[in-house]
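Student: Below is final-v1.txt; it holds compact mmCIF, C-alpha atoms.
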```
# COMPACT_ATOMS: atom_id res chain seq x y z
CA MET A 23 16.86 -2.01 -38.98
CA GLU A 24 15.29 -5.32 -39.83
CA ILE A 25 12.38 -6.57 -37.80
CA ASN A 26 14.38 -9.66 -36.90
CA ASP A 27 17.19 -7.58 -35.41
CA LEU A 28 14.70 -5.49 -33.51
CA LYS A 29 12.96 -8.57 -32.20
CA MET A 30 16.20 -9.91 -30.82
CA ILE A 31 17.18 -6.60 -29.25
CA VAL A 32 13.79 -6.31 -27.57
CA GLU A 33 14.02 -9.91 -26.43
CA ALA A 34 17.40 -9.19 -24.83
CA LEU A 35 15.96 -6.12 -23.11
CA LEU A 36 12.95 -8.08 -21.88
CA LEU A 37 15.20 -10.71 -20.40
CA ALA A 38 17.43 -8.22 -18.62
CA THR A 39 14.99 -5.56 -17.49
CA PRO A 40 14.37 -5.23 -13.77
CA GLU A 41 10.99 -3.56 -14.41
CA PRO A 42 8.36 -3.70 -17.15
CA LEU A 43 9.91 -2.57 -20.41
CA THR A 44 8.41 0.62 -21.82
CA GLU A 45 8.56 2.17 -25.27
CA SER A 46 10.70 5.06 -24.04
CA ARG A 47 13.11 2.66 -22.35
CA VAL A 48 13.56 0.74 -25.57
CA ARG A 49 14.14 3.97 -27.48
CA ALA A 50 16.76 5.04 -24.96
CA CYS A 51 18.54 1.70 -25.35
CA LEU A 52 18.44 1.84 -29.13
CA LYS A 53 19.95 5.35 -29.09
CA ASP A 54 20.64 6.42 -32.68
CA GLU A 55 19.53 3.19 -34.25
CA ALA A 56 15.98 4.41 -34.09
CA SER A 57 13.30 1.89 -34.80
CA ALA A 58 10.56 2.68 -37.29
CA LEU A 59 8.34 0.09 -35.66
CA PRO A 60 6.34 0.73 -32.51
CA LEU A 61 7.28 -1.52 -29.59
CA GLU A 62 3.79 -2.98 -29.54
CA GLU A 63 4.33 -4.46 -33.03
CA ILE A 64 7.71 -5.94 -32.19
CA ILE A 65 6.22 -7.46 -29.04
CA GLU A 66 3.39 -8.98 -31.06
CA ALA A 67 5.86 -10.54 -33.48
CA LEU A 68 7.89 -11.95 -30.58
CA GLN A 69 4.79 -13.22 -28.87
CA SER A 70 3.71 -15.15 -31.95
CA ASP A 71 7.21 -16.62 -32.26
CA TYR A 72 6.88 -17.86 -28.70
CA ASN A 73 3.44 -19.26 -29.35
CA ASN A 74 4.68 -21.15 -32.39
CA SER A 75 7.71 -22.61 -30.68
CA ASN A 76 6.17 -23.80 -27.44
CA ARG A 77 8.01 -21.73 -24.84
CA ALA A 78 7.62 -21.86 -21.07
CA PHE A 79 6.99 -18.12 -20.91
CA PHE A 80 5.06 -15.37 -22.60
CA ILE A 81 5.05 -11.56 -22.72
CA LYS A 82 2.66 -9.83 -20.39
CA LYS A 83 1.51 -6.22 -20.65
CA VAL A 84 1.74 -4.87 -17.13
CA ALA A 85 2.33 -1.58 -15.28
CA GLY A 86 2.54 0.34 -18.55
CA GLY A 87 5.22 -1.91 -20.04
CA PHE A 88 6.04 -5.46 -21.08
CA GLN A 89 7.52 -8.31 -19.13
CA LEU A 90 8.45 -11.93 -19.61
CA VAL A 91 6.53 -14.19 -17.26
CA THR A 92 6.46 -17.95 -16.86
CA LYS A 93 3.38 -19.93 -17.80
CA SER A 94 1.24 -21.08 -14.93
CA GLU A 95 1.76 -24.82 -15.54
CA PHE A 96 5.37 -24.44 -14.40
CA GLU A 97 4.50 -22.96 -11.03
CA PRO A 98 5.03 -26.23 -9.12
CA TYR A 99 8.63 -26.33 -10.33
CA VAL A 100 9.50 -22.64 -10.35
CA LYS A 101 8.38 -22.09 -6.79
CA GLY A 102 11.01 -24.55 -5.65
CA LEU A 103 13.55 -21.82 -6.39
CA PHE A 104 12.25 -19.64 -3.61
CA SER A 105 12.11 -19.87 0.13
CA LYS A 106 8.73 -19.96 1.88
CA SER A 107 7.31 -22.25 -0.84
CA GLY A 108 6.66 -19.68 -3.48
CA LYS A 109 4.91 -16.36 -3.33
CA LEU A 110 3.62 -15.10 -0.04
CA ARG A 111 -0.05 -14.28 0.02
CA LEU A 112 -1.33 -11.01 1.45
CA SER A 113 -3.53 -11.17 4.53
CA GLN A 114 -7.14 -10.00 4.47
CA ALA A 115 -6.12 -6.96 6.54
CA ALA A 116 -3.36 -6.08 4.07
CA LEU A 117 -5.71 -6.52 1.11
CA GLU A 118 -8.33 -4.24 2.67
CA THR A 119 -5.70 -1.61 3.44
CA LEU A 120 -4.36 -1.85 -0.09
CA ALA A 121 -7.86 -1.62 -1.56
CA ILE A 122 -8.56 1.61 0.32
CA ILE A 123 -5.23 3.13 -0.67
CA SER A 124 -5.59 2.16 -4.32
CA TYR A 125 -8.92 3.95 -4.69
CA ARG A 126 -8.26 6.95 -2.48
CA GLN A 127 -4.59 7.67 -2.96
CA PRO A 128 -2.82 9.64 -1.72
CA VAL A 129 -4.24 8.82 1.66
CA THR A 130 -3.16 9.07 5.31
CA ARG A 131 -3.12 6.29 7.85
CA SER A 132 -5.95 7.83 9.85
CA GLU A 133 -8.22 7.96 6.78
CA ILE A 134 -7.56 4.25 6.19
CA GLU A 135 -8.26 3.41 9.82
CA GLU A 136 -11.45 5.45 9.80
CA ILE A 137 -12.83 3.29 7.01
CA ARG A 138 -11.59 -0.03 8.36
CA GLY A 139 -12.43 0.74 11.97
CA VAL A 140 -9.21 -0.88 13.15
CA SER A 141 -5.56 -0.01 13.50
CA SER A 142 -3.74 -0.62 10.22
CA ASP A 143 -0.14 -0.10 11.29
CA SER A 144 1.12 -3.61 10.70
CA SER A 145 -0.66 -3.91 7.35
CA LEU A 146 0.97 -0.70 6.18
CA ARG A 147 4.32 -1.96 7.28
CA THR A 148 3.91 -5.27 5.43
CA LEU A 149 2.82 -3.48 2.27
CA LEU A 150 5.74 -1.04 2.48
CA ASP A 151 8.18 -3.91 3.07
CA ARG A 152 6.87 -5.65 -0.02
CA LYS A 153 7.17 -2.39 -1.97
CA LEU A 154 3.51 -2.43 -2.95
CA LEU A 155 3.19 1.01 -1.35
CA GLU A 156 5.20 4.19 -1.39
CA ILE A 157 5.27 7.13 0.95
CA ARG A 158 4.64 10.23 -1.09
CA GLY A 159 5.15 13.32 1.01
CA ARG A 160 2.93 14.64 3.74
CA ASP A 161 -0.59 15.88 4.20
CA ASP A 162 -1.13 19.62 4.56
CA GLY A 163 -3.52 19.09 7.46
CA PRO A 164 -2.67 19.15 11.15
CA GLY A 165 0.06 16.72 12.16
CA ARG A 166 1.36 16.61 8.57
CA ALA A 167 0.62 12.90 8.32
CA LEU A 168 2.46 10.73 5.80
CA LEU A 169 0.64 10.11 2.53
CA TYR A 170 0.56 6.61 1.05
CA ARG A 171 0.28 5.61 -2.61
CA THR A 172 0.44 2.39 -4.52
CA SER A 173 3.68 1.67 -6.38
CA SER A 174 4.42 0.34 -9.84
CA GLU A 175 5.18 -2.99 -8.15
CA PHE A 176 1.57 -2.96 -6.98
CA LEU A 177 0.42 -2.96 -10.62
CA GLN A 178 2.82 -5.77 -11.44
CA TYR A 179 1.78 -7.81 -8.44
CA PHE A 180 -1.87 -7.75 -9.44
CA GLY A 181 -1.20 -7.93 -13.19
CA LEU A 182 -2.69 -4.50 -13.88
CA ASN A 183 -1.53 -2.24 -16.67
CA SER A 184 -2.31 1.09 -14.98
CA VAL A 185 -4.26 2.53 -12.07
CA ASN A 186 -7.06 3.21 -14.56
CA ASP A 187 -7.42 -0.55 -14.89
CA LEU A 188 -8.45 -1.01 -11.27
CA PRO A 189 -11.67 -2.98 -10.95
CA LYS A 190 -14.46 -0.46 -10.49
CA LEU A 191 -15.48 0.18 -6.92
CA ARG A 192 -19.17 -0.52 -6.42
CA GLU A 193 -21.42 2.41 -5.70
CA VAL A 194 -23.09 2.41 -2.32
CA GLU A 195 -26.47 2.52 -4.12
CA ASP A 196 -25.68 -0.77 -5.89
CA ILE A 197 -24.83 -2.49 -2.62
CA LEU A 198 -28.02 -1.19 -1.07
CA SER A 199 -30.30 -2.29 -3.88
CA GLU A 200 -28.66 -5.71 -3.92
CA ASP A 201 -29.09 -6.06 -0.19
CA GLN A 202 -32.76 -5.23 -0.52
CA VAL A 203 -33.13 -7.96 -3.14
CA ASP A 204 -31.35 -10.36 -0.79
CA LEU A 205 -33.99 -9.79 1.80
CA LEU A 206 -36.90 -10.72 -0.41
CA MET B 15 -28.15 -13.82 25.95
CA THR B 16 -25.41 -16.27 25.19
CA ILE B 17 -23.92 -17.44 21.98
CA LYS B 18 -24.87 -21.00 21.27
CA SER B 19 -21.87 -23.20 21.01
CA ASN B 20 -22.60 -24.13 17.44
CA HIS B 21 -22.69 -20.44 16.61
CA ARG B 22 -19.40 -19.79 18.21
CA ILE B 23 -17.12 -17.98 15.84
CA ASP B 24 -13.47 -17.32 15.98
CA LEU B 25 -13.17 -13.59 16.55
CA ASP B 26 -9.82 -13.64 14.86
CA MET B 27 -11.55 -14.17 11.57
CA PHE B 28 -12.97 -10.66 11.71
CA GLU B 29 -10.89 -7.76 10.57
CA GLY B 30 -12.51 -5.48 13.11
CA PRO B 31 -15.81 -4.32 14.57
CA LEU B 32 -17.26 -3.25 11.21
CA ASP B 33 -16.50 -6.65 9.74
CA LEU B 34 -18.19 -8.34 12.70
CA LEU B 35 -21.25 -6.10 12.36
CA LEU B 36 -21.55 -6.89 8.66
CA PHE B 37 -21.33 -10.56 9.50
CA LEU B 38 -24.09 -10.30 12.12
CA ILE B 39 -26.31 -8.35 9.73
CA LYS B 40 -25.82 -10.94 7.03
CA ARG B 41 -26.25 -13.93 9.30
CA ASP B 42 -29.47 -12.65 10.86
CA GLU B 43 -30.69 -11.27 7.53
CA LEU B 44 -31.09 -7.81 8.94
CA ASN B 45 -31.87 -4.75 6.87
CA ILE B 46 -28.84 -2.50 6.80
CA TYR B 47 -31.19 0.45 6.24
CA ASP B 48 -33.13 -0.32 9.39
CA ILE B 49 -30.79 -2.02 11.81
CA PRO B 50 -32.53 -3.34 14.96
CA ILE B 51 -30.03 -1.60 17.20
CA ALA B 52 -31.00 -3.28 20.49
CA GLN B 53 -30.63 -6.77 19.07
CA ILE B 54 -27.36 -6.10 17.32
CA THR B 55 -25.90 -4.31 20.34
CA ASN B 56 -26.56 -7.35 22.52
CA GLU B 57 -25.04 -9.74 20.04
CA PHE B 58 -22.09 -7.49 19.49
CA LEU B 59 -21.43 -7.21 23.23
CA GLU B 60 -21.28 -10.99 23.53
CA TYR B 61 -18.48 -11.02 21.03
CA VAL B 62 -16.70 -8.16 22.71
CA LYS B 63 -16.66 -10.10 25.98
CA LEU B 64 -15.07 -12.93 24.11
CA ALA B 65 -12.53 -10.59 22.57
CA LYS B 66 -11.58 -9.25 25.98
CA ASP B 67 -11.10 -12.77 27.30
CA LEU B 68 -8.94 -13.60 24.35
CA LYS B 69 -6.94 -10.41 24.91
CA LEU B 70 -7.05 -9.64 21.22
CA HIS B 71 -4.85 -6.74 20.24
CA SER B 72 -7.80 -5.11 18.52
CA ALA B 73 -10.11 -5.48 21.54
CA GLY B 74 -10.01 -1.70 21.99
CA ASP B 75 -11.56 -1.14 18.58
CA PHE B 76 -14.38 -3.53 19.49
CA VAL B 77 -15.01 -1.79 22.80
CA LEU B 78 -15.17 1.56 21.04
CA MET B 79 -17.78 0.25 18.62
CA ALA B 80 -19.76 -1.25 21.52
CA ALA B 81 -19.86 2.20 23.11
CA THR B 82 -21.04 3.72 19.83
CA LEU B 83 -23.79 1.13 19.54
CA MET B 84 -24.96 1.78 23.08
CA LYS B 85 -25.00 5.50 22.43
CA ILE B 86 -27.17 4.99 19.37
CA LYS B 87 -29.43 2.67 21.33
CA ALA B 88 -29.83 5.28 24.06
CA ARG B 89 -30.62 8.00 21.56
CA MET B 90 -33.26 5.84 19.92
CA LEU B 91 -34.96 5.37 23.27
CA LEU B 92 -35.17 9.08 23.94
CA PRO B 93 -38.40 10.75 22.85
CA ILE B 94 -37.86 12.81 19.71
CA GLU B 95 -38.41 16.49 20.20
CA ALA B 96 -39.61 17.85 16.92
CA GLU B 97 -38.11 21.28 16.49
CA GLY B 98 -39.98 23.09 13.77
CA GLU B 99 -39.01 22.24 10.22
CA GLU B 100 -35.73 20.62 11.11
CA GLU B 101 -35.56 17.05 10.13
CA ILE B 102 -34.13 14.82 12.81
CA GLU B 103 -31.51 12.46 11.57
CA ASP B 104 -31.85 8.81 12.42
CA PRO B 105 -29.07 8.13 14.96
CA ARG B 106 -28.21 5.02 12.97
CA THR B 107 -27.41 6.88 9.75
CA GLU B 108 -23.77 7.48 10.57
CA LEU B 109 -23.24 3.80 11.39
CA MET B 110 -25.00 2.69 8.22
CA LYS B 111 -22.77 4.92 6.11
CA MET B 112 -19.67 3.54 7.79
CA LEU B 113 -20.79 -0.03 7.22
CA LEU B 114 -21.56 0.55 3.56
CA GLU B 115 -18.32 2.38 2.92
CA TYR B 116 -16.36 -0.40 4.60
CA LYS B 117 -18.27 -3.01 2.62
CA ARG B 118 -17.24 -1.42 -0.67
CA TYR B 119 -13.57 -1.74 0.18
CA LYS B 120 -14.00 -5.20 1.60
CA GLU B 121 -15.41 -6.23 -1.76
CA ALA B 122 -12.51 -4.54 -3.54
CA ALA B 123 -10.15 -6.50 -1.27
CA ASP B 124 -11.84 -9.71 -2.45
CA THR B 125 -11.28 -8.63 -6.04
CA TYR B 126 -7.60 -8.08 -5.29
CA ALA B 127 -7.40 -11.50 -3.66
CA GLY B 128 -8.75 -12.94 -6.93
CA LEU B 129 -6.20 -11.02 -9.00
CA GLU B 130 -3.47 -12.19 -6.65
CA ARG B 131 -4.60 -15.76 -7.16
CA ASP B 132 -4.53 -15.28 -10.95
CA GLU B 133 -1.04 -13.80 -10.85
CA ARG B 134 0.36 -16.32 -8.41
CA PRO B 135 1.40 -18.96 -10.92
CA HIS B 136 3.29 -16.46 -13.08
CA TYR B 137 6.85 -15.66 -12.18
CA VAL B 138 8.95 -12.76 -13.40
CA ASN B 139 12.58 -12.09 -12.89
CA ILE B 140 11.94 -9.81 -9.91
CA PRO B 141 12.06 -12.02 -6.83
CA ALA B 142 11.55 -9.04 -4.48
CA LEU B 143 7.92 -9.01 -5.53
CA TRP B 144 7.12 -12.26 -3.83
CA ASP B 145 10.13 -13.15 -1.74
CA PRO B 146 11.22 -9.97 -0.01
CA GLN B 147 14.79 -10.02 1.26
CA PRO B 148 16.01 -7.39 3.65
CA GLU B 149 18.18 -5.07 1.65
CA GLU B 150 21.62 -4.71 3.14
CA PRO B 151 23.81 -2.14 1.49
CA THR B 152 27.21 -3.44 0.53
CA ALA B 153 29.30 -0.80 2.15
CA ILE B 154 33.00 -0.49 1.57
CA LEU B 155 33.62 2.66 3.57
CA GLU B 156 32.16 1.86 6.96
CA ASN B 157 33.59 4.78 8.85
CA VAL B 158 32.32 7.78 7.02
CA LYS B 159 33.77 11.00 8.35
CA LEU B 160 31.69 14.07 8.93
CA TYR B 161 33.66 15.83 6.24
CA ASP B 162 32.81 13.14 3.69
CA ILE B 163 29.18 13.59 4.51
CA MET B 164 29.47 17.36 4.10
CA LEU B 165 31.17 16.97 0.73
CA THR B 166 28.52 14.56 -0.46
CA PHE B 167 25.83 16.87 0.73
CA GLN B 168 27.28 19.81 -1.20
CA TYR B 169 27.64 17.62 -4.24
CA LEU B 170 24.06 16.44 -4.07
CA LEU B 171 22.77 19.93 -3.40
CA LYS B 172 24.56 21.20 -6.49
CA SER B 173 22.98 18.53 -8.63
CA TYR B 174 19.61 19.62 -7.37
CA GLU B 175 18.16 22.43 -9.47
CA GLU B 176 15.91 24.95 -7.82
CA PRO B 177 12.82 25.58 -9.95
CA ASP B 178 13.06 28.98 -11.66
CA THR B 179 10.26 30.86 -9.94
CA HIS B 180 10.21 34.12 -8.03
CA SER B 181 7.35 33.77 -5.62
CA VAL B 182 8.19 34.19 -1.95
CA THR B 183 6.63 31.73 0.44
CA VAL B 184 7.19 30.95 4.06
CA GLU B 185 8.20 27.35 4.42
CA GLU B 186 7.50 25.99 7.79
CA VAL B 187 9.71 23.05 8.34
CA THR B 188 11.33 22.29 11.64
CA LEU B 189 14.17 20.08 12.72
CA SER B 190 11.95 17.94 14.91
CA GLU B 191 9.43 17.53 12.10
CA GLN B 192 12.09 16.18 9.79
CA THR B 193 13.51 14.00 12.56
CA GLY B 194 10.06 12.49 12.98
CA PHE B 195 9.73 12.11 9.23
CA LEU B 196 13.05 10.25 8.98
CA ASN B 197 12.12 8.14 11.97
CA SER B 198 8.89 7.01 10.39
CA LEU B 199 10.60 6.28 7.08
CA LEU B 200 13.21 4.17 8.86
CA LEU B 201 10.49 2.32 10.71
CA ALA B 202 9.11 1.23 7.37
CA LYS B 203 12.37 0.65 5.55
CA ASN B 204 15.67 -0.86 6.53
CA SER B 205 17.66 1.71 4.66
CA LEU B 206 17.22 4.98 2.85
CA HIS B 207 19.20 6.62 0.11
CA PHE B 208 19.80 10.27 0.70
CA SER B 209 19.55 11.11 -3.00
CA SER B 210 16.07 9.64 -3.33
CA LEU B 211 15.09 11.30 -0.08
CA VAL B 212 16.10 14.66 -1.49
CA LYS B 213 14.23 14.19 -4.74
CA GLN B 214 10.82 14.46 -3.13
CA PHE B 215 11.46 17.85 -1.56
CA GLU B 216 10.52 21.04 -3.34
CA SER B 217 13.10 23.37 -1.86
CA ARG B 218 16.66 23.64 -0.70
CA LEU B 219 15.51 24.72 2.74
CA ILE B 220 13.73 21.41 3.36
CA ILE B 221 16.78 19.51 2.15
CA VAL B 222 19.05 21.50 4.47
CA VAL B 223 16.76 20.97 7.46
CA THR B 224 16.51 17.27 6.65
CA PHE B 225 20.27 17.11 6.46
CA LEU B 226 20.60 18.81 9.84
CA ALA B 227 18.11 16.32 11.24
CA LEU B 228 20.29 13.52 9.84
CA LEU B 229 23.39 14.94 11.50
CA GLU B 230 21.58 15.31 14.79
CA MET B 231 20.30 11.73 14.59
CA LEU B 232 23.77 10.51 13.65
CA ARG B 233 25.26 12.29 16.68
CA SER B 234 22.78 10.64 19.03
CA ARG B 235 23.42 7.28 17.35
CA GLN B 236 19.82 6.95 16.23
CA ILE B 237 21.01 6.26 12.72
CA LYS B 238 24.05 4.96 10.89
CA ILE B 239 25.31 6.33 7.63
CA LYS B 240 27.29 4.35 5.11
CA GLN B 241 28.87 5.30 1.84
CA THR B 242 30.47 3.09 -0.79
CA LYS B 243 32.85 5.74 -2.07
CA LEU B 244 33.42 9.46 -1.83
CA PHE B 245 30.62 11.53 -3.40
CA ASP B 246 28.52 8.43 -3.57
CA ASP B 247 25.04 8.29 -2.17
CA LEU B 248 24.59 8.24 1.61
CA ILE B 249 22.90 5.10 2.82
CA ILE B 250 21.01 5.70 6.04
CA SER B 251 19.98 2.89 8.36
CA ARG B 252 18.84 2.45 11.95
CA GLY B 253 21.45 2.97 14.64
CA ASN B 254 21.87 1.43 18.08
CA GLU B 255 19.86 4.17 19.76
CA PHE B 256 17.13 4.21 17.10
CA GLY B 257 13.81 5.16 18.65
CA ASN B 258 15.36 6.53 21.85
CA GLN B 259 14.83 10.23 21.63
```
How would this structure read if it were set down as structure tokens?

Tutor:
Amino acid sequence: MEINDLKMIVEALLLATPEPLTESRVRACLKDEASALPLEEIIEALQSDYNNSNRAFFIKKVAGGFQLVTKSEFEPYVKGLFSKSGKLRLSQAALETLAIISYRQPVTRSEIEEIRGVSSDSSLRTLLDRKLLEIRGRDDGPGRALLYRTSSEFLQYFGLNSVNDLPKLREVEDILSEDQVDLL
Amino acid sequence: MTIKSNHRIDLDMFEGPLDLLLFLIKRDELNIYDIPIAQITNEFLEYVKLAKDLKLHSAGDFVLMAATLMKIKARMLLPIEAEGEEEIEDPRTELMKMLLEYKRYKEAADTYAGLERDERPHYVNIPALWDPQPEEPTAILENVKLYDIMLTFQYLLKSYEEPDTHSVTVEEVTLSEQTGFLNSLLLAKNSLHFSSLVKQFESRLIIVVTFLALLEMLRSRQIKIKQTKLFDDLIISRGNEFGNQ
């Protein structure tokens, strides 16, 4: 198949996909008309087409796949499409809860609350409602508590490609040495 | 000791007692390695009084921390009985570890806030990510009969393949456990799909017990079950008696 045909097929898939488009997804959609080109190359070609023709969107690599997203300069207009004046922002409590889960998953509610020192029920609920978290089974320990994990939507929400891309958590030693410097 | 009015801080801005302690340490330029426990206990207590007046929902967490601080303070006042070689741990060590651990995640939360800010102006075709709408199943068959549920259950069970292993294990799963499990799932979600519920279980036994729990909850009107057509997925949502055991 010609690169131009492939580009258009991938473009159609990008436009219609409900989640980031992966290589295996594309292969499944192409069925027998196997592509000799890796998805990455087709995406690159598409991306440069977009760059050359001044589009309002670009292709973003996120959550292990690719996705069409609008450019930031159009935010003031695009947000008019949605209630609550655009995207909702997460509260500090929700961000802290999410931070703990992302680095320690799978994790139980009591482990989260032990670190935060406060009840985290409502934060968990918000995060579950917004699909940034998933419940993944139960702990083996007493009480068989629910285990929480971050979802693929979590990666999309923060523009991360995979959980390996999480910003590195600082070591306690680093914080300590910095605090000592602060004091001088 | 009283808090000077110009130092008055909205307690709501703290995420909890650890956050408040970190703030006090930073403000007074205290050494986290060598926290002056008497001073910080007094300051902390002032804030706790405020929290109690304000009837903050997290006041309990603050009171608990105040008790911990006073316990540490008391232990520091006691003469140290050196017992042979044993090294006596500083009573503040535990608190210091908690503060540092919390600080790490608080910093990570700031990083996420930054990423969120960066992603904010970009929109994708998945509105649920930023504008969550309660998902309401479009049900055609409202009055699902018990028999329909049984048929669907058999159908789903058939489509579920037991892993081909021969080890014998005792699975301890009880009806009330699964009832509790379903309850907590329904607290977090407006509706559940039985098929996706089943996927996460490793054995038929757990699926069967979960199904029995569903039937029991259906009988006591704790849940509602909808189905769009025969053999289709069961959509479970909260019933009128949800939460009343």

Student: Just checking: using only C-alpha atoms, which residue out of B:Arg118, B:Ile220, B:Gln168, B:Gln214 ends up closest to Gln192 of chain B?

Tutor: B:Ile220

Student: Please identify all polymer residues within 10 Å of segment 73-86 of chain A, counting only C-alpha atoms, omitting same-chain residues fewer than 6 positions from it, and present them as a ChimeraX atom specification.

Tutor: /A:33,36,41-45,62,65-67,92-96,173-185,187 /B:136-138

Student: Write a file of the selected residues as a short mmCIF file (atom, residue, chain, number, x, y, z; two decimals), in the frame of the given file, keeping C-alpha atoms.

Tutor:
```cif
data_model
loop_
_atom_site.label_atom_id
_atom_site.label_comp_id
_atom_site.auth_asym_id
_atom_site.auth_seq_id
_atom_site.Cartn_x
_atom_site.Cartn_y
_atom_site.Cartn_z
CA GLU A 33 14.02 -9.91 -26.43
CA LEU A 36 12.95 -8.08 -21.88
CA GLU A 41 10.99 -3.56 -14.41
CA PRO A 42 8.36 -3.70 -17.15
CA LEU A 43 9.91 -2.57 -20.41
CA THR A 44 8.41 0.62 -21.82
CA GLU A 45 8.56 2.17 -25.27
CA GLU A 62 3.79 -2.98 -29.54
CA ILE A 65 6.22 -7.46 -29.04
CA GLU A 66 3.39 -8.98 -31.06
CA ALA A 67 5.86 -10.54 -33.48
CA THR A 92 6.46 -17.95 -16.86
CA LYS A 93 3.38 -19.93 -17.80
CA SER A 94 1.24 -21.08 -14.93
CA GLU A 95 1.76 -24.82 -15.54
CA PHE A 96 5.37 -24.44 -14.40
CA SER A 173 3.68 1.67 -6.38
CA SER A 174 4.42 0.34 -9.84
CA GLU A 175 5.18 -2.99 -8.15
CA PHE A 176 1.57 -2.96 -6.98
CA LEU A 177 0.42 -2.96 -10.62
CA GLN A 178 2.82 -5.77 -11.44
CA TYR A 179 1.78 -7.81 -8.44
CA PHE A 180 -1.87 -7.75 -9.44
CA GLY A 181 -1.20 -7.93 -13.19
CA LEU A 182 -2.69 -4.50 -13.88
CA ASN A 183 -1.53 -2.24 -16.67
CA SER A 184 -2.31 1.09 -14.98
CA VAL A 185 -4.26 2.53 -12.07
CA ASP A 187 -7.42 -0.55 -14.89
CA HIS B 136 3.29 -16.46 -13.08
CA TYR B 137 6.85 -15.66 -12.18
CA VAL B 138 8.95 -12.76 -13.40
#
```

Student: What's around segment 122-130 of chain B at 6 Å? Count all atoms listed in the file, leave out sequence neighbours fewer than 2 positions away in its own chain, and write the answer as a list in words.

Tutor: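 The contact residues come out as Leu117, Glu118, Ala121 and Phe180 of chain A; Tyr119, Lys120, Asp132, Glu133 and Arg134 of chain B.
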
Student: Pull out every residue of chain A sitting within 8 Å of chain B, counting only C-alpha atoms, and send them as an MDAnalysis selection string.

Tutor: chainID A and resid 40:41 89:97 100 104:106 108:112 114:115 117:118 120:122 137:141 147 150:153 158:159 175 179:181 189 191:194 197 201:202 205

Student: Excluding Ala167 of chain A and its own-chain neighbours fewer than 6 positions away, which residues fall within 9 Å of it when counting all atoms listed in the file? Please give them as an MDAnalysis selection string.

Tutor: chainID A and resid 130:132 159:161

Student: Rounded to one decimal, what separation in Å do you get between atom CA of Arg106 of chain B and atom CA of Leu92 of chain B?

Tutor: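 According to the coordinates, atom CA of Arg106 of chain B and atom CA of Leu92 of chain B are separated by 13.6 Å.
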
Student: Just the number, please: distance in Å from atom CA of Leu59 of chain A to atom CA of Ala34 of chain A, one decimal.

Tutor: 16.9 Å

Student: Show me the residues around (19.4, 12.6, 0.6) - criterion: an atom at most 7 Å away, only C-alpha atoms counted - as a PyMOL selection string.

Tutor: chain B and resi 207-212+248

Student: So, counting all atoms listed in the file, which residue among B:Thr107, B:Asn197, B:Ser190, B:Thr224 is closest to Arg252 of chain B?

Tutor: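 Looking only at the distances to Arg252 of chain B, the closest residue turns out to be B:Asn197.
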